[in-house]
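Q: This is the content of input03.tsv (TSV, C-alpha atoms):
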chain	number	residue	atom	x	y	z
A	509	MET	CA	8.58	12.45	24.09
A	510	ASP	CA	6.77	15.71	24.76
A	511	ALA	CA	10.06	17.56	25.10
A	512	TRP	CA	11.43	16.00	21.90
A	513	LEU	CA	8.35	16.96	19.90
A	514	ARG	CA	8.33	20.52	21.24
A	515	GLU	CA	11.88	20.86	20.02
A	516	HIS	CA	11.44	19.05	16.69
A	517	THR	CA	7.88	19.63	15.48
A	518	GLU	CA	9.10	22.14	12.89
A	519	ASP	CA	11.74	19.64	11.76
A	520	LEU	CA	9.09	16.95	11.39
A	521	THR	CA	6.93	19.22	9.25
A	522	GLY	CA	9.95	20.34	7.26
A	523	TRP	CA	11.00	16.77	6.47
A	524	ARG	CA	7.51	15.94	5.23
A	525	ARG	CA	7.35	19.06	3.07
A	526	HIS	CA	10.80	18.47	1.61
A	527	ILE	CA	9.88	14.90	0.63
A	528	HIS	CA	6.50	16.09	-0.66
A	529	ALA	CA	8.08	18.72	-2.89
A	530	ASN	CA	10.64	16.25	-4.26
A	531	PRO	CA	8.72	13.06	-4.99
A	532	GLU	CA	10.33	10.06	-6.63
A	533	LEU	CA	8.65	7.18	-8.43
A	534	SER	CA	8.98	3.55	-7.40
A	535	ARG	CA	12.52	2.17	-7.54
A	536	THR	CA	14.01	5.62	-8.14
A	537	GLU	CA	13.84	6.91	-4.54
A	538	PHE	CA	17.57	7.58	-4.48
A	539	ALA	CA	17.49	11.19	-3.24
A	540	THR	CA	14.84	10.37	-0.63
A	541	THR	CA	16.98	7.48	0.62
A	542	GLU	CA	20.05	9.72	0.84
A	543	PHE	CA	18.01	12.39	2.65
A	544	ILE	CA	16.89	9.88	5.29
A	545	GLU	CA	20.36	8.37	5.52
A	546	SER	CA	21.96	11.77	6.19
A	547	TRP	CA	19.68	12.47	9.15
A	548	LEU	CA	20.18	9.01	10.64
A	549	VAL	CA	23.95	9.35	10.37
A	550	LYS	CA	23.80	12.79	12.05
A	551	ALA	CA	22.01	11.09	14.94
A	552	GLY	CA	24.89	8.63	15.33
A	553	LEU	CA	23.06	5.71	13.73
A	554	GLU	CA	24.38	3.29	11.12
A	555	PRO	CA	21.83	2.83	8.31
A	556	ARG	CA	22.39	0.28	5.56
A	557	LYS	CA	21.23	1.13	2.05
A	558	LEU	CA	20.03	-1.57	-0.31
A	559	SER	CA	22.49	-2.34	-3.09
A	560	ALA	CA	20.29	-0.68	-5.72
A	561	GLY	CA	20.46	2.62	-3.80
A	562	ALA	CA	16.76	2.93	-2.95
A	563	GLY	CA	15.54	1.83	0.47
A	564	LEU	CA	17.45	1.38	3.70
A	565	ILE	CA	17.46	-0.51	6.99
A	566	CYS	CA	18.67	0.77	10.36
A	567	ASP	CA	18.80	-0.90	13.78
A	568	ILE	CA	18.51	0.92	17.10
A	569	GLY	CA	18.82	-0.39	20.63
A	570	PRO	CA	19.94	-3.67	22.15
A	571	ALA	CA	20.79	-6.77	20.16
A	572	GLY	CA	18.50	-9.75	20.13
A	573	PRO	CA	14.88	-10.02	18.99
A	574	ARG	CA	13.59	-6.65	17.88
A	575	ILE	CA	10.41	-5.11	16.53
A	576	GLY	CA	10.30	-3.69	13.02
A	577	LEU	CA	8.80	-0.34	12.00
A	578	ARG	CA	8.23	0.22	8.29
A	579	ALA	CA	7.51	3.29	6.14
A	580	ASP	CA	7.13	3.45	2.36
A	581	MET	CA	8.78	6.28	0.42
A	582	ASP	CA	7.63	6.24	-3.22
A	583	ALA	CA	5.28	8.63	-5.00
A	584	LEU	CA	2.64	8.17	-7.70
A	585	PRO	CA	2.74	9.06	-11.42
A	586	LEU	CA	0.04	11.68	-10.80
A	587	GLN	CA	0.03	15.44	-11.35
A	588	GLU	CA	-0.61	17.39	-8.13
A	589	TYR	CA	-3.35	20.03	-8.01
A	590	THR	CA	-3.28	21.09	-4.35
A	591	GLY	CA	-1.79	24.56	-4.87
A	592	LEU	CA	0.30	24.11	-1.72
A	593	PRO	CA	3.45	26.23	-1.38
A	594	PHE	CA	5.42	23.00	-1.04
A	595	ALA	CA	3.62	21.17	-3.87
A	596	SER	CA	5.49	18.72	-6.06
A	597	THR	CA	8.22	20.27	-8.19
A	598	VAL	CA	8.30	17.18	-10.43
A	599	PRO	CA	5.78	17.29	-13.30
A	600	GLY	CA	3.41	14.33	-13.29
A	601	VAL	CA	4.67	12.92	-9.97
A	602	SER	CA	3.21	13.50	-6.50
A	603	HIS	CA	2.81	12.10	-3.00
A	604	ALA	CA	-0.95	11.55	-3.28
A	605	CYS	CA	-0.94	8.57	-0.93
A	606	GLY	CA	0.74	10.03	2.14
A	607	HIS	CA	4.07	8.23	1.83
A	608	ASP	CA	5.82	11.54	2.49
A	609	ALA	CA	4.12	11.56	5.90
A	610	HIS	CA	4.94	7.90	6.55
A	611	THR	CA	8.61	8.56	5.87
A	612	ALA	CA	8.79	11.73	7.97
A	613	ILE	CA	7.03	9.95	10.87
A	614	LEU	CA	9.47	7.04	10.86
A	615	LEU	CA	12.43	9.43	10.61
A	616	GLY	CA	11.08	11.37	13.59
A	617	THR	CA	10.57	8.11	15.48
A	618	ALA	CA	14.14	7.07	14.71
A	619	LEU	CA	15.66	10.31	15.99
A	620	ALA	CA	13.47	10.35	19.09
A	621	LEU	CA	14.39	6.76	19.97
A	622	ALA	CA	18.07	7.51	19.31
A	623	GLU	CA	17.93	10.02	22.20
A	624	ALA	CA	16.28	7.58	24.63
A	625	PRO	CA	18.60	6.50	27.48
A	626	GLU	CA	17.69	2.86	26.79
A	627	LEU	CA	15.09	0.81	24.92
A	628	PRO	CA	13.36	-2.31	26.24
A	629	VAL	CA	13.88	-4.07	22.89
A	630	GLY	CA	15.78	-3.38	19.73
A	631	VAL	CA	14.04	-1.61	16.87
A	632	ARG	CA	14.56	-2.09	13.14
A	633	LEU	CA	13.66	0.86	10.94
A	634	VAL	CA	12.65	-0.12	7.43
A	635	PHE	CA	12.45	2.73	4.91
A	636	GLN	CA	11.01	0.91	1.92
A	637	HIS	CA	10.98	1.74	-1.78
A	638	ALA	CA	8.43	0.78	-4.45
A	639	GLU	CA	5.22	0.11	-2.53
A	640	GLU	CA	3.07	1.45	-5.37
A	641	VAL	CA	4.10	-1.15	-7.95
A	642	MET	CA	3.23	-4.83	-7.82
A	643	PRO	CA	4.46	-7.10	-6.36
A	644	GLY	CA	6.17	-4.37	-4.32
A	645	GLY	CA	9.53	-3.36	-2.91
A	646	ALA	CA	8.80	-5.22	0.33
A	647	ILE	CA	9.99	-8.37	-1.44
A	648	ASP	CA	13.40	-6.73	-1.97
A	649	MET	CA	13.52	-5.61	1.66
A	650	VAL	CA	12.74	-9.11	2.92
A	651	ALA	CA	15.41	-10.55	0.59
A	652	SER	CA	17.87	-8.02	2.07
A	653	GLY	CA	17.19	-9.27	5.60
A	654	ALA	CA	14.65	-6.72	6.82
A	655	ALA	CA	12.64	-9.38	8.65
A	656	GLU	CA	15.55	-11.42	10.02
A	657	GLY	CA	15.69	-11.36	13.80
A	658	VAL	CA	12.42	-9.38	13.97
A	659	SER	CA	9.69	-10.66	16.28
A	660	ARG	CA	6.91	-8.44	14.91
A	661	MET	CA	6.50	-5.81	12.19
A	662	PHE	CA	4.39	-2.66	12.38
A	663	ALA	CA	3.32	0.08	9.97
A	664	LEU	CA	1.03	3.10	9.80
A	665	HIS	CA	-0.93	4.19	6.75
A	666	CYS	CA	-2.70	7.53	6.28
A	667	ASP	CA	-6.50	7.36	6.40
A	668	PRO	CA	-8.31	10.47	5.06
A	669	ARG	CA	-11.63	9.12	6.38
A	670	LEU	CA	-10.41	9.21	9.98
A	671	GLU	CA	-10.04	12.43	11.97
A	672	VAL	CA	-6.57	13.53	12.98
A	673	GLY	CA	-5.74	12.42	16.50
A	674	ARG	CA	-7.28	9.00	16.01
A	675	VAL	CA	-5.67	5.75	14.91
A	676	GLY	CA	-7.70	2.79	13.68
A	677	VAL	CA	-6.91	-0.90	14.13
A	678	ARG	CA	-8.54	-4.28	13.54
A	679	VAL	CA	-7.58	-7.91	14.08
A	680	GLY	CA	-7.43	-9.97	10.89
A	681	ALA	CA	-7.39	-8.73	7.31
A	682	ILE	CA	-7.10	-4.94	7.03
A	683	THR	CA	-6.30	-4.84	3.30
A	684	SER	CA	-7.02	-7.17	0.39
A	685	ALA	CA	-5.02	-9.25	-2.02
A	686	ALA	CA	-4.89	-7.50	-5.38
A	687	ASP	CA	-4.20	-9.32	-8.66
A	688	THR	CA	-4.34	-8.06	-12.25
A	689	VAL	CA	-6.14	-9.85	-15.08
A	690	GLU	CA	-5.23	-9.08	-18.70
A	691	LEU	CA	-7.11	-10.86	-21.47
A	692	VAL	CA	-5.92	-10.48	-25.08
A	693	LEU	CA	-8.34	-11.83	-27.72
A	694	ASP	CA	-8.02	-12.37	-31.46
A	695	SER	CA	-10.32	-13.47	-34.26
A	696	PRO	CA	-10.24	-13.57	-38.08
A	697	GLY	CA	-12.57	-10.54	-38.07
A	698	GLY	CA	-15.25	-9.95	-40.65
A	699	HIS	CA	-18.40	-8.07	-41.66
A	700	THR	CA	-21.04	-7.44	-39.00
A	701	SER	CA	-23.68	-8.70	-41.47
A	702	ARG	CA	-22.12	-12.19	-41.42
A	703	PRO	CA	-21.04	-12.99	-37.83
A	704	HIS	CA	-21.72	-16.69	-38.48
A	705	LEU	CA	-18.76	-16.81	-40.88
A	706	THR	CA	-16.22	-15.67	-38.31
A	707	SER	CA	-15.73	-15.44	-34.55
A	708	ASP	CA	-17.51	-12.45	-33.05
A	709	LEU	CA	-14.79	-10.94	-30.89
A	710	VAL	CA	-16.86	-8.12	-29.39
A	711	TYR	CA	-19.59	-10.54	-28.38
A	712	ALA	CA	-16.93	-12.73	-26.75
A	713	ILE	CA	-15.57	-9.74	-24.85
A	714	GLY	CA	-19.04	-8.89	-23.60
A	715	THR	CA	-19.52	-12.48	-22.45
A	716	VAL	CA	-16.36	-12.30	-20.33
A	717	ILE	CA	-17.08	-8.79	-19.04
A	718	THR	CA	-20.31	-9.93	-17.40
A	719	GLY	CA	-19.64	-13.64	-17.05
A	720	LEU	CA	-16.35	-13.73	-15.16
A	721	PRO	CA	-17.36	-11.41	-12.26
A	722	GLY	CA	-20.78	-13.08	-12.11
A	723	ILE	CA	-19.54	-16.65	-11.96
A	724	LEU	CA	-16.78	-15.78	-9.48
A	725	SER	CA	-19.46	-14.34	-7.19
A	726	ARG	CA	-21.22	-17.75	-7.27
A	727	ARG	CA	-18.09	-19.84	-6.84
A	728	ILE	CA	-16.53	-17.97	-3.90
A	729	ASP	CA	-17.92	-17.39	-0.40
A	730	PRO	CA	-19.13	-13.75	-0.31
A	731	ARG	CA	-17.80	-13.44	3.25
A	732	THR	CA	-14.27	-13.38	1.78
A	733	SER	CA	-14.93	-9.92	0.29
A	734	THR	CA	-13.83	-11.07	-3.16
A	735	VAL	CA	-14.58	-8.72	-6.05
A	736	MET	CA	-13.68	-8.69	-9.75
A	737	VAL	CA	-13.87	-5.34	-11.59
A	738	TRP	CA	-12.82	-4.46	-15.14
A	739	GLY	CA	-10.91	-1.23	-15.60
A	740	ALA	CA	-10.29	-1.04	-19.34
A	741	VAL	CA	-11.65	-2.54	-22.56
A	742	SER	CA	-10.66	-1.95	-26.17
A	743	ALA	CA	-11.71	-3.47	-29.50
A	744	GLY	CA	-12.44	-2.21	-32.98
A	745	LYS	CA	-13.27	1.17	-34.53
A	746	ALA	CA	-15.75	0.66	-37.35
A	747	PRO	CA	-19.44	-0.02	-36.57
A	748	ASN	CA	-19.77	-2.50	-39.44
A	749	ALA	CA	-16.57	-4.52	-38.96
A	750	ILE	CA	-15.97	-7.31	-36.44
A	751	PRO	CA	-12.49	-6.52	-35.09
A	752	GLN	CA	-9.59	-8.93	-35.12
A	753	THR	CA	-8.12	-7.99	-31.75
A	754	GLY	CA	-9.31	-6.78	-28.38
A	755	MET	CA	-8.16	-6.48	-24.79
A	756	LEU	CA	-9.68	-6.53	-21.32
A	757	THR	CA	-7.85	-5.56	-18.12
A	758	GLY	CA	-9.08	-5.49	-14.56
A	759	THR	CA	-8.40	-6.49	-10.99
A	760	VAL	CA	-9.57	-9.26	-8.72
A	761	ARG	CA	-9.32	-8.68	-4.99
A	762	THR	CA	-9.99	-10.74	-1.88
A	763	GLY	CA	-9.65	-10.27	1.84
A	764	ASP	CA	-9.09	-13.97	2.46
A	765	HIS	CA	-5.60	-15.46	2.20
A	766	ALA	CA	-6.80	-18.99	1.39
A	767	THR	CA	-9.08	-17.68	-1.38
A	768	TRP	CA	-6.17	-15.75	-2.90
A	769	SER	CA	-4.39	-19.01	-3.72
A	770	LEU	CA	-7.51	-20.32	-5.51
A	771	LEU	CA	-8.20	-17.30	-7.71
A	772	GLU	CA	-5.80	-17.77	-10.62
A	773	PRO	CA	-6.78	-21.37	-11.53
A	774	MET	CA	-10.45	-20.51	-11.04
A	775	VAL	CA	-10.26	-17.44	-13.30
A	776	ARG	CA	-8.52	-19.48	-16.00
A	777	GLU	CA	-11.15	-22.20	-15.81
A	778	ILE	CA	-14.05	-19.74	-16.05
A	779	VAL	CA	-12.56	-17.74	-18.94
A	780	ASP	CA	-11.89	-20.91	-20.90
A	781	GLY	CA	-15.47	-22.07	-20.36
A	782	LEU	CA	-16.92	-18.72	-21.40
A	783	LEU	CA	-14.85	-18.35	-24.57
A	784	ALA	CA	-14.83	-21.94	-25.84
A	785	PRO	CA	-18.25	-21.69	-27.57
A	786	THR	CA	-17.35	-18.40	-29.28
A	787	GLY	CA	-14.35	-19.70	-31.23
A	788	VAL	CA	-12.31	-16.64	-30.28
A	789	ARG	CA	-8.67	-17.29	-29.43
A	790	TYR	CA	-7.24	-15.69	-26.31
A	791	GLN	CA	-4.22	-15.26	-24.09
A	792	LEU	CA	-4.82	-14.77	-20.36
A	793	ASN	CA	-2.08	-12.98	-18.42
A	794	TYR	CA	-2.80	-13.33	-14.73
A	795	LYS	CA	-0.42	-11.30	-12.56
A	796	ARG	CA	-0.46	-12.07	-8.87
A	797	GLY	CA	0.00	-8.94	-6.81
A	798	VAL	CA	0.20	-8.97	-3.03
A	799	PRO	CA	-1.51	-11.06	-0.35
A	800	PRO	CA	-3.84	-9.35	2.13
A	801	VAL	CA	-2.37	-7.69	5.21
A	802	VAL	CA	-3.65	-9.91	8.02
A	803	ASN	CA	-3.09	-8.32	11.42
A	804	ASP	CA	-1.83	-10.67	14.11
A	805	GLU	CA	-3.96	-10.49	17.28
A	806	TYR	CA	-1.07	-9.97	19.72
A	807	ALA	CA	0.57	-7.34	17.50
A	808	THR	CA	-2.78	-5.56	17.19
A	809	ARG	CA	-3.12	-5.48	20.98
A	810	MET	CA	0.36	-3.93	21.15
A	811	PHE	CA	-0.82	-1.26	18.71
A	812	GLU	CA	-3.94	-0.67	20.81
A	813	ASP	CA	-1.86	-0.12	23.97
A	814	ALA	CA	0.40	2.33	22.12
A	815	ILE	CA	-2.61	4.23	20.79
A	816	ARG	CA	-4.46	4.35	24.12
A	817	ALA	CA	-1.42	6.09	25.60
A	818	LEU	CA	-2.21	9.03	23.29
A	819	GLY	CA	-5.52	9.72	25.03
A	820	PRO	CA	-8.95	8.25	25.73
A	821	GLU	CA	-10.40	9.07	22.28
A	822	ALA	CA	-7.40	8.08	20.16
A	823	LEU	CA	-8.22	4.41	19.52
A	824	ALA	CA	-10.68	3.71	16.70
A	825	ASP	CA	-12.00	0.73	14.78
A	826	THR	CA	-11.31	0.54	11.07
A	827	PRO	CA	-12.95	-1.48	8.29
A	828	GLN	CA	-11.14	-3.76	5.91
A	829	SER	CA	-9.95	-1.99	2.76
A	830	GLY	CA	-10.25	-3.38	-0.75
A	831	GLY	CA	-6.87	-1.88	-1.59
A	832	GLY	CA	-3.64	-3.83	-1.77
A	833	GLU	CA	-0.54	-3.18	0.39
A	834	ASP	CA	2.83	-4.87	0.04
A	835	PHE	CA	3.39	-4.67	3.82
A	836	SER	CA	1.74	-8.08	3.61
A	837	TRP	CA	5.02	-9.61	2.41
A	838	TYR	CA	6.64	-8.91	5.79
A	839	LEU	CA	3.74	-10.66	7.50
A	840	GLU	CA	4.40	-13.74	5.38
A	841	GLU	CA	7.68	-13.92	7.35
A	842	VAL	CA	6.79	-12.64	10.84
A	843	PRO	CA	3.57	-11.63	12.63
A	844	GLY	CA	2.67	-7.97	12.75
A	845	ALA	CA	0.02	-5.33	12.21
A	846	MET	CA	-0.83	-2.20	10.25
A	847	ALA	CA	-2.90	0.67	11.67
A	848	ARG	CA	-4.75	3.55	10.03
A	849	LEU	CA	-3.51	7.04	10.93
A	850	GLY	CA	-6.24	9.69	10.85
A	851	VAL	CA	-5.24	12.65	8.65
A	852	TRP	CA	-8.61	14.39	8.07
A	853	ARG	CA	-8.73	17.82	9.70
A	854	GLY	CA	-12.27	17.23	11.02
A	855	GLU	CA	-14.07	19.61	8.67
A	856	GLY	CA	-14.32	20.04	4.94
A	857	PRO	CA	-14.07	17.33	2.28
A	858	GLN	CA	-12.59	13.92	3.03
A	859	LEU	CA	-10.32	13.64	0.00
A	860	ASP	CA	-9.44	10.12	-1.00
A	861	LEU	CA	-5.99	8.66	-1.48
A	862	HIS	CA	-4.59	8.76	-5.02
A	863	GLN	CA	-6.50	11.96	-5.83
A	864	PRO	CA	-4.46	14.83	-7.32
A	865	THR	CA	-5.87	17.15	-4.64
A	866	PHE	CA	-5.07	14.86	-1.69
A	867	ASP	CA	-3.57	16.58	1.34
A	868	LEU	CA	-3.33	15.82	5.04
A	869	ASP	CA	-3.49	17.60	8.37
A	870	GLU	CA	0.14	17.82	9.48
A	871	ARG	CA	-0.85	17.44	13.13
A	872	ALA	CA	-1.03	13.74	12.22
A	873	LEU	CA	2.78	13.67	12.04
A	874	ASP	CA	2.98	14.24	15.80
A	875	VAL	CA	0.38	11.51	16.38
A	876	GLY	CA	2.28	9.08	14.19
A	877	VAL	CA	5.59	9.63	15.96
A	878	ARG	CA	3.95	9.24	19.37
A	879	THR	CA	2.27	6.01	18.28
A	880	LEU	CA	5.44	4.39	16.92
A	881	THR	CA	7.63	5.49	19.83
A	882	ASN	CA	5.02	4.17	22.26
A	883	LEU	CA	5.18	0.83	20.45
A	884	ALA	CA	8.94	0.68	20.88
A	885	LEU	CA	8.98	1.86	24.48
A	886	GLN	CA	6.17	-0.49	25.59
A	887	ALA	CA	7.40	-3.57	23.71
A	888	ARG	CA	8.51	-6.58	25.67
What's the structure tokens form of this structure?
A:
Amino acid sequence: MDAWLREHTEDLTGWRRHIHANPELSRTEFATTEFIESWLVKAGLEPRKLSAGAGLICDIGPAGPRIGLRADMDALPLQEYTGLPFASTVPGVSHACGHDAHTAILLGTALALAEAPELPVGVRLVFQHAEEVMPGGAIDMVASGAAEGVSRMFALHCDPRLEVGRVGVRVGAITSAADTVELVLDSPGGHTSRPHLTSDLVYAIGTVITGLPGILSRRIDPRTSTVMVWGAVSAGKAPNAIPQTGMLTGTVRTGDHATWSLLEPMVREIVDGLLAPTGVRYQLNYKRGVPPVVNDEYATRMFEDAIRALGPEALADTPQSGGGEDFSWYLEEVPGAMARLGVWRGEGPQLDLHQPTFDLDERALDVGVRTLTNLALQAR
């Protein structure tokens, strides 16, 4: 591994920078897929692209039960403001979540493992499209057989709060389920001097804005880390006119898989109870997103062993995130685990994911490849 990295560190950095400079939005990762495919073919491997042309699967090593390693490839509809020499060349699109690093790391892992004399188990490489859109490209990958014959699935995700050289793990939920709530309201409208002659739509909106999160917090065990937050509200323009239409959109998240199945009917019940006295008509569009990523204990211990092999200070704890991750769909099929890859350089600001100035310490690429190859070489 040391010899391979000494020879290919510049390649690893180059792959990341190429992908970073040429980002592609969800379900349009055609050039990225072809880029990865070309390198795998050069290494003598036989990747299989999904029929839509974005995303691919590739097996390495002996037949039989194998472990799966997944990386996501899509970028965000976000303008980049890093000023890097390899910054995005696509206006309004950037890799502000580290998927360029995930992809380069898995490509490096693939080429390193391809040079190994033998592997203790087979490995399935899953280069996935469309992680950033709900319910996620993982569903397509599973439908295409990505989890078939796989005993456990693993993934890394960049963590800008963790110093480079460290990798964080936890048993149990590491991300949250993330659903979207859209509430469209309508009323006859009217004059603000005579609200009793109509249905006061803005008052109804205010009732839901405060009432739904508040009642949910009393109906659900707080230990499930369930939170409802509104992101957008719109209604009316004139100060003396009760508007006819309005809209509320937000997210509801939970770290508990059982609670996730209860949320939609509970939200519908609460909204109906809040709006019934107001006389305002409504349409509730509840869009289920992804379940939480719940790390299997045995798979997490495998990750811990792979990380400890990096050095005595490499292994770190990590808290549960409120963000959603479609890696969870693989874990609906097979056990597995996700770990947090430290990408903070150890000084300066800890920029968050999805910020237009997000960047990472490229030494983390080496750490990521070592971690994933250790997983494959230690698996039994």
Q: Within 9 Å of stretch 528-531 of chain A, counting all atoms listed in the file, which residues qualify if same-chain residues fewer than 3 places away don't, as a list in words?
A: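 Within the cut-off, the hits are Trp523, Arg524, Arg525, Glu537, Ala539, Thr540, Met581, Asp582, Ala583, Leu584, Pro593, Phe594, Ala595, Ser596, Thr597, Val598, Val601, Ser602, His603, Gly606, His607, Asp608 and Ala609 of chain A.
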Q: Need to verify the contact set: A:Gly645, 12 Å, only C-alpha atoms, exclusion of same-chain residues closer than 2 positions in sequence. Can you return it as a VMD selection string?
A: chain A and resid 533 to 537 558 560 562 to 564 578 to 582 634 to 643 647 to 652 654 797 to 798 833 to 838
Q: With a distance cut-off of 8 Å and all atoms listed in the file, select the neighbouring residues of A:Thr700, excluding the residue or stretch itself and same-chain residues fewer than 6 positions from it, and output the selection as a list of chain:residue names.
A: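 The neighbour list is A:Pro747, A:Asn748, A:Ala749, A:Ile750.
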Q: Between atom CA of A:Pro857 and atom CA of A:Thr590, what is the distance in Å, rounded to a tenth?
A: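 That distance, rounded to one decimal, is 13.2 Å.
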Q: Quick one: of A:Ser659, A:Thr826, A:Thr611, A:Asn882, who's nearest to A:Val677, counting only C-alpha atoms?
A: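 Among the listed residues, A:Thr826 lies closest to A:Val677.
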Q: Check the smallest atom-to-atom distance from each of A:Thr759, A:Glu855, A:Tyr806, A:Leu664 to A:Gly676 using only C-alpha atoms, then report the winner.
A: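 Smallest distance to A:Gly676 is found for A:Leu664.
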Q: If you count only C-alpha atoms, which residues fall within 10 Å of stretch 775-783 of chain A, apart from same-chain ones fewer than 5 positions away, as a PyMOL selection string?
A: chain A and resi 689+691+693+709+711-713+715-716+719-721+723-724+760+770+788-790+792-794
Q: Calculate how many Å separate atom CA of A:Met774 from atom CA of A:Leu756, rounding to one decimal.
A: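 Interatomic distance, atom CA of A:Met774 to atom CA of A:Leu756: 17.4 Å.
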Q: List the spatial neighbours of A:Ala817 as a list in words - criterion: any atom at most 10 Å away, all atoms listed in the file, same-chain residues fewer than 6 positions off excluded.
A: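 Near neighbours after the sequence-gap exclusion: Leu823, Arg878, Thr879, Asn882 and Leu883 of chain A.
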Q: How many Å lie between atom CA of A:Ala740 and atom CA of A:Asp687, rounded to one decimal?
A: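 Between these atoms lies a distance of 14.8 Å.
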